[in-house]
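For reference, the structure is listed below as structure tokens.
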Amino acid sequence: MVTPVASVAGWSARHGHALLSTTGHLARHGLATALTVAVMGLALALPLALDVLVRNVRAATGDFSESVGLSVYFKPDVPESKARQLTRIASERNGVASATLITASEALAEFRAQSGFGAALDALPDNPLPNVLTLRPKPDAASPAELEALRSYLTAWPEVDSVQLDRDWVLRLGAILELLRQVTLIAGVLLAAGVLAVIGNTIRLEILNRREEIEVTKLVGGSNGFVRRPFLYAGVLYGALAGLIGWGLVAVAQVALAPASLRLAAAYGSTFQLAGPTLEDLGALLLGGMILGWFGAWIAASRQLSRIEPRSA
Amino acid sequence: MIRFERVSKRYPNGREALTDLSFEVDAGEMVFLTGRSGAGKSSVLKLIALIERPTRGQVIVNGENTTRLPQRRVPQFRRALGVVFQDHRLLMDRPVFDNVALPLIVADSAFRDIDKRVRAALDQVGLLGRERVAPLELSVGEQQRVCIARAIVSKPPLLLADEPTGNLDATLAAEVMGLFRRFSEVGVTVMVATHDLPLVRASGLRAIALDDGHLGAPPADIDGYADGHTGG
């Protein structure tokens, strides 16, 4: 009869022993351990890097999507006075935060200044540009349906030629990001399978290297569970170290890219800052690495260990 | 302690190593297992240690009919067995202490017991104080004694030895045999497979002689027997 206290003590003794001997073994084979862990760490870093990238692009474009608006192009024959009157009407409509008129002459002056086509424009008999009204919706009235309703309302005016929703490009970007997110997911699954294969192969070689030790252990009464235990611990340790390295690589990349991203943001007049991987990411990568490591080691050990039986007494 | 009942063993390659073999060893007895290379000595030891299973017949060890023992209970069964090898099979990358402690560790013994019992076992083979030494720094005779310490550390009721003196000179061999006799005096059943007939005769103990898988003539009646170098 085994008392509960004795069985707990026995449990912690055998797991403590397995963990200690495994840690010692990995440390003694430092270079091989480092190479395996580096390969696995790279494999884990890639999906995390993609994920962090998607999150950053999302955060950066979040600023822009708040400034979504409509551009209302008046017909060329609408005079400036009429356009101003319509602008006032539009600005009083519910859900409109601001309505700004860019008159045809203002637009022409700006175009002349910026494009360098001044001489060509002089050759034109008339100003080819229409009066344009830009509308900003209030933040609580910026849903796609409400913007669509506003567009229908404006399109119905006889003086309006066309209404363009600035949201179109935001939607396209959103679709691109969604695609990228799915690519991340697929890459994650493939690389996880790669990690599993690396772990499995490392543990398989390790078992073959320690064949003599396994035979002797089985001869003195070691169960399959006992001989498998240190290899499972090795898998979990490999996975944890790989998770740490993977996260570290992405963190270092963020630090390295931060100045360049700041310059890019500044060029767009934004104060956006590149975000690095979070502590939650570290937890997820450690946990994921440990689960993959355990599972890969378990597969390899279950396949190999039952084949190794003592051959001589 | 050991009973073979009409045991035959045929290997997958078709060779019949043992044919209709029956013998018995009492608890606390020390016996030799003799015979030429290929006579079946190793097969007998493998059947007792459950490394092989008999093709026909029954092997009863320590009151347990091993023929019916499921594979998952084999580790537990082997913990009641000490095995000494000719080539000692020590783990060369571990110090003496770890090698001797292995049978206790696989049996989940408590740490303080392990320390005490490893020292006791090393004391019995005259190697107390060498716990931290690597096996490679030891002489052949000392390595063999570490192997014996590993075999007795869990105090098994049955000790098997396969050519334990095969690599030792006469003085060391006599020393090792003296150790085995002391274990049998305290109640351990000891079975020693050997082709060293002078040693067997000098002991005056019972010998089970094997000849081509059968019981053969007692070795005392045959001369020029000790040519073989490896176990059969």
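Convention: chains lettered A, B, ... in structure tokens order; per-chain residue numbering from 1; ligands numbered from 1 as shown.
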Check your understanding: Near chain A, which residues of chain B fall within 10 Å when you count only C-alpha atoms, and what do they look like as a ChimeraX atom specification?
Key -> /B:42-52,72-86,89-93,99,102-111,150-151,154,160-162
Practice item. Report the residues of region 80-209 of chain B whose backbone DSSP state falls under helix (DSSP H, G or I), written as an NGL selection string. Key: :B and (96-106 or 111-124 or 135-137 or 140-152 or 170-185 or 197-203)
Practice item. Show which residues sit within 8 Å of region 38-53 of chain A, as a PyMOL selection string. Count only C-alpha atoms, and ignore same-chain residues fewer than 2 positions away. Key: chain A and resi 34-36+55-57+180-181+184-185+187-188+191-192+194-195+198+239+241-247+249-250+275-277+281+285+289
**Study point:** Residues near Gly129 (chain B), cut-off 12 Å, only C-alpha atoms, skip fewer than 2 positions along chain, as a PyMOL selection string
**Key:** chain B and resi 96-97+118-127+131-133
Generate the output file for the selected residues, C-alpha atoms, as a PDB file, in the first residue's frame.
```pdb
ATOM      1  CA  VAL B  96      30.246   5.297 -10.247  1.00  0.00           C
ATOM      2  CA  PHE B  97      27.519   6.555  -7.915  1.00  0.00           C
ATOM      3  CA  VAL B 118      24.660   2.877  -2.876  1.00  0.00           C
ATOM      4  CA  ARG B 119      27.343   3.356  -0.222  1.00  0.00           C
ATOM      5  CA  ALA B 120      26.430   0.026   1.379  1.00  0.00           C
ATOM      6  CA  ALA B 121      26.678  -1.758  -1.992  1.00  0.00           C
ATOM      7  CA  LEU B 122      30.028  -0.108  -2.807  1.00  0.00           C
ATOM      8  CA  ASP B 123      31.265  -1.026   0.661  1.00  0.00           C
ATOM      9  CA  GLN B 124      30.415  -4.684   0.006  1.00  0.00           C
ATOM     10  CA  VAL B 125      32.529  -4.754  -3.170  1.00  0.00           C
ATOM     11  CA  GLY B 126      35.343  -2.772  -1.524  1.00  0.00           C
ATOM     12  CA  LEU B 127      34.890   0.459  -3.490  1.00  0.00           C
ATOM     13  CA  GLU B 131      31.480   7.256  -5.799  1.00  0.00           C
ATOM     14  CA  ARG B 132      32.533  10.322  -7.801  1.00  0.00           C
ATOM     15  CA  VAL B 133      35.093   8.517  -9.981  1.00  0.00           C
TER      16      VAL B 133
END
```
Check your understanding: In region 26-270 of chain A, what's strand (DSSP E) per DSSP? Answer as a VMD selection string?
Key -> chain A and resid 70 to 74 96 to 102 132 to 137 160 to 165
Selection above as a file: C-alpha atoms, as a compact mmCIF listing (two decimals), in the first residue's frame:
```txt
# COMPACT_ATOMS: atom_id res chain seq x y z
CA LEU A 70 -16.47 61.91 -49.00
CA SER A 71 -15.37 63.98 -51.95
CA VAL A 72 -18.30 65.61 -53.79
CA TYR A 73 -17.46 66.71 -57.35
CA PHE A 74 -19.78 69.40 -58.69
CA VAL A 96 -21.54 65.75 -40.73
CA ALA A 97 -18.59 67.01 -38.75
CA SER A 98 -17.23 69.41 -41.32
CA ALA A 99 -17.79 70.45 -44.90
CA THR A 100 -15.00 72.23 -46.75
CA LEU A 101 -15.21 73.64 -50.24
CA ILE A 102 -12.16 73.58 -52.47
CA VAL A 132 -15.03 70.00 -54.88
CA LEU A 133 -16.71 69.65 -51.51
CA THR A 134 -15.00 67.42 -48.92
CA LEU A 135 -17.10 66.08 -46.09
CA ARG A 136 -15.96 64.54 -42.81
CA PRO A 137 -18.52 62.46 -40.97
CA VAL A 160 -23.42 67.00 -58.26
CA ASP A 161 -21.45 65.13 -60.87
CA SER A 162 -20.12 62.29 -58.69
CA VAL A 163 -19.44 61.38 -55.05
CA GLN A 164 -16.38 59.41 -54.11
CA LEU A 165 -16.13 57.55 -50.83
```
Practice item. Just the residues within 7 Å of region 10-20 of chain B, please, counting only C-alpha atoms, with nothing from its chain fewer than 4 positions along; format it as a ChimeraX atom specification. Key: /B:6,40,43,55,213-214
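Shortest separation to Leu20 (chain A) among A:Gly293, A:Gly116, A:Pro230, A:Gly248 occurs at residue A:Pro230, atoms counted being only C-alpha atoms.
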**Study point:** Contacts of region 266-274 of chain A at 8 Å (only C-alpha atoms; same-chain gap of 2+ positions) as a list in words
**Key:**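 The residues satisfying every condition are Asn56, Ala60, Gln254, Leu257, Ala258, Ser261, Leu262, Arg263, Leu264 and Gly276 of chain A.
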Practice item. Fewer than 4 positions away in the same chain doesn't count, so skip those; otherwise give me all residues within 10 Å of Phe180 (chain B), counting only C-alpha atoms, as a count of residues only. Key: 14
Review point. Can you tell me how far CA of Leu205 (chain B) sits from CA of Gly28 (chain B), in Å to one decimal?
Key: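 About the pair CA of Leu205 (chain B) and CA of Gly28 (chain B): they are 12.6 Å apart.
Here CA of Val37 (chain A) stands at a distance of 19.9 Å from CA of Ala18 (chain A).
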Check your understanding: Between B:Leu197, B:Val186, B:Leu215, B:Leu179, which one has atoms that come closest to Val7 (chain B), using only C-alpha atoms?
Key ->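 Closest residue, counting only C-alpha atoms: B:Leu215.
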